[in-house]
Amino acid sequence: MAEQSGPTMAQAQANLESLQRIFTIPESSGATLAQIDAAISNNLDGFLRQHIVAIEKDLSEIETAFNSAVIPEQPYYVSDYTDFILKDLVSQSVHTSSPGFVGHMTSALPYFMLPLSKIVTALNQNLVKVETSKAFTPLERQVLGMLHRLIFQAEDGFYQQWLHDSEYALGAFCSGGTVANITALWSARNRLLGEGNIARKGLFGALQQANLKGLAILVSRRGHYSLAKAADLLGVGRDNLIAIDTDGDYRVNMLAMRERAAQLQEEGMGILSVVGLAGATETGSVDPLDELADLSEELGAHFHVDAAWGGATLFSDKHRSLLKGIERADSVTIDAHKQFYVPMGAGMVLFKEPGTLNSIEHHAEYIIRKGSKDLGSHTLEGSRPGMALLVHAGLNIIGRKGYELLIDQGMDKAAYFAAAIDAHPDFELVVEPRLNILGYRYCPASLQQRLQAELPEVKQKINAVLDRITSRIQKAQRAAGKTFVSRTRVDCHRYGDEVITVFRVVLANPLTDHEVLDQVLEQQLELAEHPEIQALLADIDSL
């Protein structure tokens, strides 16, 4: 059979343009509740442009519309409530689908998600129990199998055996990455200490029986804050969530992690889990997953990968290798409401071994009885909506090749923007994009040269003022409402690991183009001319 050739450049561009069309909807408007419904379904982009104001009110001003804690005695007319929706709610909401909104992990949605979301709401299925979900239960199991295969690449026979086995689950749908991470570490804790011991004796008793002083979770300093929540809820303790330093690319320092793990074991601590990051929230960095898998095996620890953001990179043949080693994980978190372009909130945790979730299995006589196919027996959350339909729709309507295009073009745009920042004398690229997240700041060329030569204490003072400048530009840009970037603080290795404030950009919206990115920098340069910013720059000159 002849080998198929790849698409030509013209075909690839046509495919991308076709894909972009599902994220845009023709304009129209609405005033009544029914018209709002039609407008959102038929022309979301036009509806948002018409009703979301360009200049946002201060949050304290918005709060005045919500300052009553009294439940109305008499019902409102729907038409009156519609006025409230448009005037007080929609008008001051965030236009997350805007091409210029590049500061957070939200994006334009494919138009077909809107009517499908109505179906999910109208059917009101509850995935805790087959009796309240029926067809949605095997649908959810299928979606979990599809994502399991994307990550772990098991053979056909594996899924024929386990996909619909009532005693097992390949993963769990969750409201988001936080619950997914908690579920992964919960199952790891129960497997390590014995679910029977935990259930009968509690954590303290189970630790005593295992002759352990406590449990520890190892992760890079770039780990998501949900891991601290998990350590708290599971009784591990936030002090035992061990944050390991990173290298110049914001990847975990493996030598430091190995040394800390050995020290913890000498102290009588059990290593519950080694956590790898595949798309850190602030830097987009990907840890050396293969090396982390090796360490986990040596320690006998559960290897969890938080790929809430970066997991979708697996769709790309070009970039999949960046996540090499993820297939060796015991569990993986992925958020569909990020780069799967599904509405909030749809997260998933996938487990390599089908029996892992049995360690947290719970039953009740009136629901999720033992032996039933009820998905609620293996989930932290009980009642859940049928979000699996929306993920299933994306996987079928966009398809693997469609997601590959979206991932590739997002990473291409990140590379373009990084090059534009690097080429501009008054911007400093701090966090280079490993996936499609980057960090930078406004730092005039003269200051960049000065920072290379100054003494450490002077550098700290200069960076402290630049932090204030970055924060004020970011706030002003947000208030202007044309473009938006977020901000965060990261350790900057070129300044001796000093922590500085940077603009954070996330490039996943298919509607964002090079022109929009150029406008982001142009607007920041305009804002830097404000007298308040110029006064701060003058303060630096006096240092």
# chains A, B, ... in the order shown; residues from 1 in each chain; ligands from 1

$ select_by_dssp --residues "region 281-445 of chain A" --states "alpha helix (DSSP H)" --output "number ranges by chain"
A: 289-299, 388-397, 399-423, 445

$ select_by_dssp --residues "region 202-391 of chain A" --states "strand (DSSP E)" --output "PyMOL selection string"
chain A and resi 214-220+241-244+269-277+302-306+331-335+347-351

$ atom_distance --atom1 "CA of Leu299 (chain A)" --atom2 "CA of Val252 (chain A)"
17.1 Å

$ atom_distance --atom1 "CA of Ala388 (chain A)" --atom2 "CA of Glu140 (chain A)"
5.2 Å
